>>> print(open('query-v2.cif').read())   # mmCIF, C-alpha atoms
data_work
#
loop_
_atom_site.label_atom_id
_atom_site.label_comp_id
_atom_site.auth_asym_id
_atom_site.auth_seq_id
_atom_site.Cartn_x
_atom_site.Cartn_y
_atom_site.Cartn_z
CA MET A 19 -86.13 137.77 94.75
CA ILE A 20 -84.46 134.43 94.26
CA PRO A 21 -86.97 131.53 94.50
CA THR A 22 -86.91 129.63 97.79
CA THR A 23 -86.44 126.35 95.91
CA TYR A 24 -82.87 127.32 95.03
CA TYR A 25 -81.98 127.88 98.67
CA LEU A 26 -83.55 124.57 99.64
CA ILE A 27 -81.51 122.75 96.98
CA VAL A 28 -78.26 124.31 98.27
CA SER A 29 -79.28 123.28 101.76
CA GLY A 30 -79.98 119.72 100.60
CA LEU A 31 -76.57 119.54 98.93
CA LEU A 32 -74.82 120.71 102.11
CA PHE A 33 -76.80 118.19 104.19
CA VAL A 34 -75.87 115.28 101.92
CA ILE A 35 -72.20 116.26 101.94
CA GLY A 36 -72.25 116.43 105.74
CA LEU A 37 -73.95 113.03 105.95
CA CYS A 38 -71.33 111.50 103.65
CA GLY A 39 -68.62 113.06 105.80
CA ILE A 40 -70.04 111.49 108.96
CA LEU A 41 -70.25 108.09 107.32
CA ILE A 42 -66.88 107.92 105.56
CA ARG A 43 -64.41 109.91 107.68
CA ARG A 44 -62.59 108.11 110.48
CA ASN A 45 -61.20 111.06 112.43
CA LEU A 46 -63.53 112.09 115.27
CA ILE A 47 -62.82 115.81 114.79
CA LEU A 48 -63.75 115.65 111.11
CA ILE A 49 -66.95 113.81 112.02
CA LEU A 50 -67.79 116.73 114.34
CA LEU A 51 -67.07 119.18 111.51
CA SER A 52 -69.48 117.25 109.29
CA ILE A 53 -72.14 117.50 111.99
CA GLU A 54 -71.64 121.28 111.98
CA LEU A 55 -72.18 121.22 108.22
CA MET A 56 -75.48 119.37 108.61
CA LEU A 57 -76.70 121.73 111.35
CA ASN A 58 -75.94 124.70 109.12
CA ALA A 59 -77.85 123.14 106.24
CA ALA A 60 -80.84 122.88 108.59
CA ASN A 61 -80.35 126.53 109.56
CA LEU A 62 -80.41 127.62 105.93
CA ASN A 63 -83.68 125.69 105.56
CA PHE A 64 -85.19 127.49 108.57
CA ILE A 65 -84.23 130.93 107.30
CA ALA A 66 -85.42 130.22 103.76
CA GLY A 67 -88.74 129.06 105.24
CA SER A 68 -88.91 132.25 107.27
CA ALA A 69 -88.51 134.36 104.10
CA LEU A 70 -91.07 132.20 102.31
CA GLN A 71 -93.77 132.68 104.94
CA GLY A 72 -92.93 136.30 105.75
CA GLN A 73 -92.62 135.50 109.47
CA LEU A 74 -89.70 135.64 111.87
CA ASN A 75 -90.25 132.28 113.57
CA GLY A 76 -87.78 130.49 111.30
CA GLN A 77 -85.00 132.92 112.11
CA VAL A 78 -85.60 132.48 115.85
CA SER A 79 -85.42 128.69 115.39
CA ALA A 80 -82.11 129.05 113.53
CA PHE A 81 -80.84 131.10 116.47
CA PHE A 82 -81.70 128.30 118.90
CA VAL A 83 -80.04 125.72 116.63
CA MET A 84 -76.83 127.78 116.83
CA VAL A 85 -76.95 127.76 120.65
CA ILE A 86 -77.47 124.00 120.74
CA ALA A 87 -74.64 123.50 118.22
CA ALA A 88 -72.31 125.48 120.48
CA ALA A 89 -73.20 123.29 123.50
CA GLU A 90 -72.80 120.14 121.40
CA VAL A 91 -69.38 121.21 120.17
CA THR A 92 -68.00 121.81 123.67
CA ILE A 93 -68.97 118.31 124.79
CA GLY A 94 -67.90 116.66 121.53
CA LEU A 95 -64.49 118.29 121.66
CA ALA A 96 -64.07 117.30 125.31
CA ILE A 97 -64.74 113.68 124.29
CA ALA A 98 -62.25 114.05 121.43
CA VAL A 99 -59.59 115.31 123.85
CA LEU A 100 -60.28 112.35 126.17
CA LEU A 101 -60.05 109.90 123.26
CA PHE A 102 -56.80 111.43 122.10
CA ARG A 103 -55.36 111.26 125.61
CA LYS A 104 -56.37 107.62 125.96
CA GLN A 105 -55.26 106.13 122.65
CA GLY A 106 -53.00 108.75 121.09
CA SER A 107 -55.15 109.42 118.03
CA ALA A 108 -58.69 110.46 117.20
CA ASP A 109 -59.25 107.54 114.82
CA THR A 110 -62.67 106.02 115.52
CA ASP A 111 -61.77 102.67 113.94
CA LYS A 112 -59.18 102.07 116.67
CA VAL A 113 -61.73 102.39 119.50
CA LYS A 114 -62.10 98.75 120.45
CA TRP A 115 -61.55 98.98 124.19
CA LEU A 116 -64.89 100.45 125.24
CA LYS A 117 -66.46 98.47 128.09
CA GLY A 118 -69.95 98.30 129.52
CA MET B 13 -76.40 141.34 91.10
CA GLU B 14 -78.52 139.41 93.56
CA PHE B 15 -78.38 136.28 91.39
CA PHE B 16 -74.65 136.62 90.92
CA LEU B 17 -74.12 136.85 94.69
CA PHE B 18 -76.39 133.88 95.27
CA TYR B 19 -74.63 131.64 92.75
CA PHE B 20 -71.19 132.71 93.93
CA ALA B 21 -71.97 132.08 97.63
CA SER B 22 -73.67 128.76 96.87
CA ALA B 23 -70.72 127.57 94.78
CA VAL B 24 -68.29 128.54 97.54
CA ALA B 25 -70.43 126.79 100.15
CA VAL B 26 -70.78 123.51 98.24
CA LEU B 27 -67.14 123.37 97.10
CA GLY B 28 -65.96 124.21 100.61
CA ALA B 29 -68.16 121.48 102.05
CA LEU B 30 -66.66 118.95 99.62
CA LEU B 31 -63.18 120.08 100.65
CA VAL B 32 -64.12 119.64 104.33
CA ILE B 33 -64.83 115.95 103.89
CA LEU B 34 -62.01 115.24 101.40
CA LEU B 35 -58.92 117.19 102.54
CA PRO B 36 -56.18 115.10 104.18
CA ARG B 37 -55.12 117.63 106.82
CA PRO B 38 -57.68 118.44 109.58
CA ALA B 39 -56.46 122.06 109.92
CA HIS B 40 -57.07 122.66 106.20
CA ALA B 41 -60.52 121.08 106.41
CA LEU B 42 -61.28 123.52 109.22
CA MET B 43 -60.22 126.47 107.05
CA ALA B 44 -62.54 125.20 104.29
CA LEU B 45 -65.36 125.08 106.85
CA ILE B 46 -64.69 128.72 107.78
CA GLY B 47 -65.10 129.56 104.08
CA VAL B 48 -68.42 127.70 104.08
CA MET B 49 -69.54 129.73 107.11
CA PHE B 50 -68.78 133.04 105.37
CA ALA B 51 -70.65 131.92 102.23
CA LEU B 52 -73.63 130.91 104.39
CA ALA B 53 -73.58 134.34 106.06
CA VAL B 54 -73.87 135.91 102.59
CA LEU B 55 -76.85 133.65 101.87
CA TYR B 56 -78.50 134.72 105.15
CA LEU B 57 -77.98 138.37 104.22
CA LEU B 58 -79.63 137.71 100.85
CA LEU B 59 -82.57 136.20 102.74
CA GLN B 60 -82.91 139.46 104.72
CA ALA B 61 -81.71 138.03 108.01
CA PRO B 62 -78.87 140.42 108.96
CA PHE B 63 -79.02 139.72 112.71
CA VAL B 64 -78.84 135.95 112.29
CA ALA B 65 -76.03 136.37 109.74
CA MET B 66 -73.92 138.40 112.17
CA VAL B 67 -74.62 136.05 115.10
CA HIS B 68 -73.71 133.16 112.82
CA LEU B 69 -70.36 134.78 111.95
CA ILE B 70 -69.56 135.60 115.58
CA VAL B 71 -70.60 132.24 117.01
CA TYR B 72 -69.28 129.95 114.27
CA ALA B 73 -66.34 131.65 112.59
CA GLY B 74 -65.41 133.43 115.81
CA ALA B 75 -65.96 130.93 118.62
CA VAL B 76 -66.77 127.38 117.57
CA LEU B 77 -64.20 127.03 114.82
CA VAL B 78 -61.46 128.67 116.89
CA LEU B 79 -62.23 126.12 119.61
CA PHE B 80 -61.86 123.38 116.99
CA LEU B 81 -58.60 124.93 115.83
CA PHE B 82 -57.23 124.93 119.37
CA VAL B 83 -58.07 121.26 119.89
CA ILE B 84 -56.61 120.27 116.51
CA MET B 85 -53.41 122.22 117.10
CA LEU B 86 -53.00 121.06 120.71
CA GLU B 87 -53.36 117.43 119.77
CA GLY B 88 -50.92 117.83 116.92
CA VAL B 89 -53.14 115.90 114.50
CA GLY B 90 -53.69 118.95 112.32
CA ALA B 91 -50.05 119.38 111.55
CA LYS B 92 -49.69 116.23 109.44
CA ASP B 93 -51.68 114.69 106.61
CA ILE B 94 -53.76 111.60 107.28
CA PRO B 95 -52.64 109.00 104.71
CA LEU B 96 -55.26 107.92 102.21
CA SER B 97 -55.41 104.40 103.65
CA GLN B 98 -56.51 105.73 107.05
CA ARG B 99 -58.68 108.59 105.88
CA PHE B 100 -61.91 106.88 104.82
CA ARG B 101 -64.00 104.02 106.06
CA LYS B 102 -64.13 101.91 102.93
CA SER B 103 -66.94 99.59 104.00
CA TYR B 104 -69.38 102.49 103.95
CA LEU B 105 -68.43 103.95 100.57
CA PHE B 106 -71.07 102.03 98.65
CA LEU B 107 -73.76 102.87 101.22
CA VAL B 108 -72.72 106.53 101.10
CA CYS B 109 -72.99 106.72 97.31
CA PHE B 110 -76.42 105.08 97.43
CA VAL B 111 -77.83 107.14 100.31
CA GLY B 112 -76.40 110.40 98.99
CA THR B 113 -77.76 110.10 95.47
CA ALA B 114 -81.13 108.77 96.67
CA PHE B 115 -81.53 111.65 99.11
CA LEU B 116 -80.52 114.29 96.57
CA VAL B 117 -82.75 112.93 93.83
CA SER B 118 -85.74 112.76 96.16
CA VAL B 119 -85.12 116.30 97.48
CA VAL B 120 -84.87 117.81 94.00
CA PHE B 121 -87.87 115.81 92.78
CA ILE B 122 -90.07 116.87 95.71
CA LEU B 123 -88.97 120.50 95.51
CA PHE B 124 -89.75 120.85 91.84
CA HIS B 125 -93.16 119.21 92.27
CA LEU B 126 -94.04 121.34 95.28
CA ALA B 127 -94.20 124.59 93.25
CA LEU B 128 -93.54 126.89 96.22
CA PRO B 129 -95.05 130.39 96.00
CA ALA B 130 -92.86 133.47 95.65
CA PRO B 131 -91.14 134.38 98.93
CA GLN B 132 -92.85 137.16 100.84
CA GLY B 133 -89.72 138.31 102.61
CA VAL B 134 -89.39 139.57 106.15
CA GLU B 135 -86.75 141.93 107.49
CA GLY B 136 -85.01 140.27 110.43
CA THR B 137 -83.83 143.46 112.12
CA VAL B 138 -82.47 143.36 115.65
CA GLU B 139 -85.57 145.13 116.95
CA ALA B 140 -88.12 142.80 115.37
CA PHE B 141 -86.01 139.77 116.26
CA GLY B 142 -85.61 140.79 119.90
CA ARG B 143 -89.29 141.57 120.23
CA MET B 144 -90.19 138.10 118.97
CA LEU B 145 -87.50 136.38 121.05
CA PHE B 146 -88.49 137.94 124.35
CA ARG B 147 -92.25 137.95 123.81
CA ASP B 148 -93.05 134.59 122.19
CA TYR B 149 -89.92 132.56 122.90
CA TRP B 150 -88.84 133.70 126.34
CA LEU B 151 -89.08 130.24 127.93
CA PRO B 152 -86.88 128.47 125.32
CA PHE B 153 -84.46 131.38 125.59
CA GLU B 154 -84.10 130.89 129.34
CA LEU B 155 -83.77 127.14 128.89
CA THR B 156 -80.90 127.61 126.43
CA SER B 157 -78.96 129.47 129.10
CA LEU B 158 -79.43 126.45 131.37
CA LEU B 159 -78.29 124.20 128.50
CA LEU B 160 -75.12 126.23 127.97
CA LEU B 161 -74.37 126.08 131.70
CA LEU B 162 -74.75 122.29 131.66
CA GLY B 163 -72.48 122.18 128.60
CA ILE B 164 -69.77 124.04 130.50
CA PHE B 165 -70.10 121.65 133.46
CA ALA B 166 -69.90 118.60 131.21
CA ALA B 167 -66.87 119.89 129.32
CA ILE B 168 -65.02 120.64 132.58
CA ALA B 169 -65.95 117.26 134.06
CA LEU B 170 -64.83 115.39 130.94
CA ALA B 171 -61.60 117.24 130.19
CA LYS B 172 -60.30 117.48 133.75
CA LYS B 173 -57.35 115.27 134.52
CA GLU B 174 -58.10 112.58 137.08
CA PRO B 175 -56.30 113.30 140.40
CA GLU B 176 -53.55 110.83 141.20
CA LEU B 177 -54.53 108.50 144.01
#
>>> encode(input="query-v2.cif", output="structure tokens")
Amino acid sequence: MIPTTYYLIVSGLLFVIGLCGILIRRNLILILLSIELMLNAANLNFIAGSALQGQLNGQVSAFFVMVIAAAEVTIGLAIAVLLFRKQGSADTDKVKWLKG
Amino acid sequence: MEFFLFYFASAVAVLGALLVILLPRPAHALMALIGVMFALAVLYLLLQAPFVAMVHLIVYAGAVLVLFLFVIMLEGVGAKDIPLSQRFRKSYLFLVCFVGTAFLVSVVFILFHLALPAPQGVEGTVEAFGRMLFRDYWLPFELTSLLLLLGIFAAIALAKKEPEL
């Protein structure tokens, strides 16, 4: 079998790329896509850990992460639609009218 | 064969992830992310998690990314390229380079000093998975259904047009 370390390195690479995407992109939808990337990197970690220990707990955790990601995406996309309706673009640098 | 599949899927995943954060057109970035999802499903299969791999394909490539595609297409932002001057937040570029390299170097350093044992492997069949889910994790499972319901309510409440007064 392939050593677990290799999987963890791939997962780390994906996580860093997602983090960079969140920090440098300005479009809200692309920021959400980067968040998906980071969640999937965490999932790969869980499943690699599950194979390492020989137990199924990691795979069940990855399953729950998927459910939470689905809920997060619905709300994030609803906010993106609202933002687009309000200012005509999903550019986060133009959001200067938030009050409260 | 196993090593070839692993390297191929990993290369596709990392290159696709880079394309996701660099491509100018949101619709193309989304397609790159779908490629990443398929590569990750191959990795899950290599890790003997067939059930999670299939759920991953159905939920992500089938539902979540199609939802993204609908929003991108409906708003019309996916149809045109974002010009380079509006694509990136330049003030964070230095921070990103620093944080990214520091994180990667520390991860690789720790992993190679950890000397993990050989993986034992566990077959994540539907039967074993379901047994575990409904015996040890039944309460979180029920709570996730509540969470999804709340997500639906929140999405409807946010996206509904305000009635004209």
>>> residues_around(input="query-v2.cif", residues="Tyr104 in chain B", least_positions_apart="2", cutoff="10 Å", atoms="all atoms listed in the file", output="JSON, numbers by chain")
{"A": [38, 41, 42, 43], "B": [100, 101, 102, 106, 107, 108, 109, 110]}
>>> closest_residue(input="query-v2.cif", among="B:Leu34, B:Met13, B:Val134, B:Ile164", to="Ile94 in chain B", atoms="all atoms listed in the file")
B:Leu34
>>> residues_around(input="query-v2.cif", residues="Ala171 in chain B", least_positions_apart="6", cutoff="9 Å", atoms="only C-alpha atoms", output="JSON list (two decimals) with C-alpha atoms, in the coordinates of the input")
[["chain", "number", "residue", "atom", "x", "y", "z"],
["A", 96, "ALA", "CA", -64.07, 117.30, 125.31],
["A", 97, "ILE", "CA", -64.74, 113.68, 124.29],
["A", 99, "VAL", "CA", -59.59, 115.31, 123.85],
["A", 100, "LEU", "CA", -60.28, 112.35, 126.17]]
>>> interface_residues(input="query-v2.cif", of="chain A", to="chain B", cutoff="8 Å", atoms="all atoms listed in the file", output="ChimeraX atom specification")
/A:19-23,26-28,30-32,34-39,41-45,47-48,51-52,55,62,65-66,68-75,77-78,80-82,84-86,88-93,95-97,99-100,102,107
>>> closest_residue(input="query-v2.cif", among="A:Ala87, A:Thr110, A:Tyr25, A:Asn63", to="Ile40 in chain A", atoms="all atoms listed in the file")
A:Thr110
>>> atom_distance(input="query-v2.cif", atom1="CA of Pro36 in chain B", atom2="CA of Ala21 in chain B")
24.1 Å
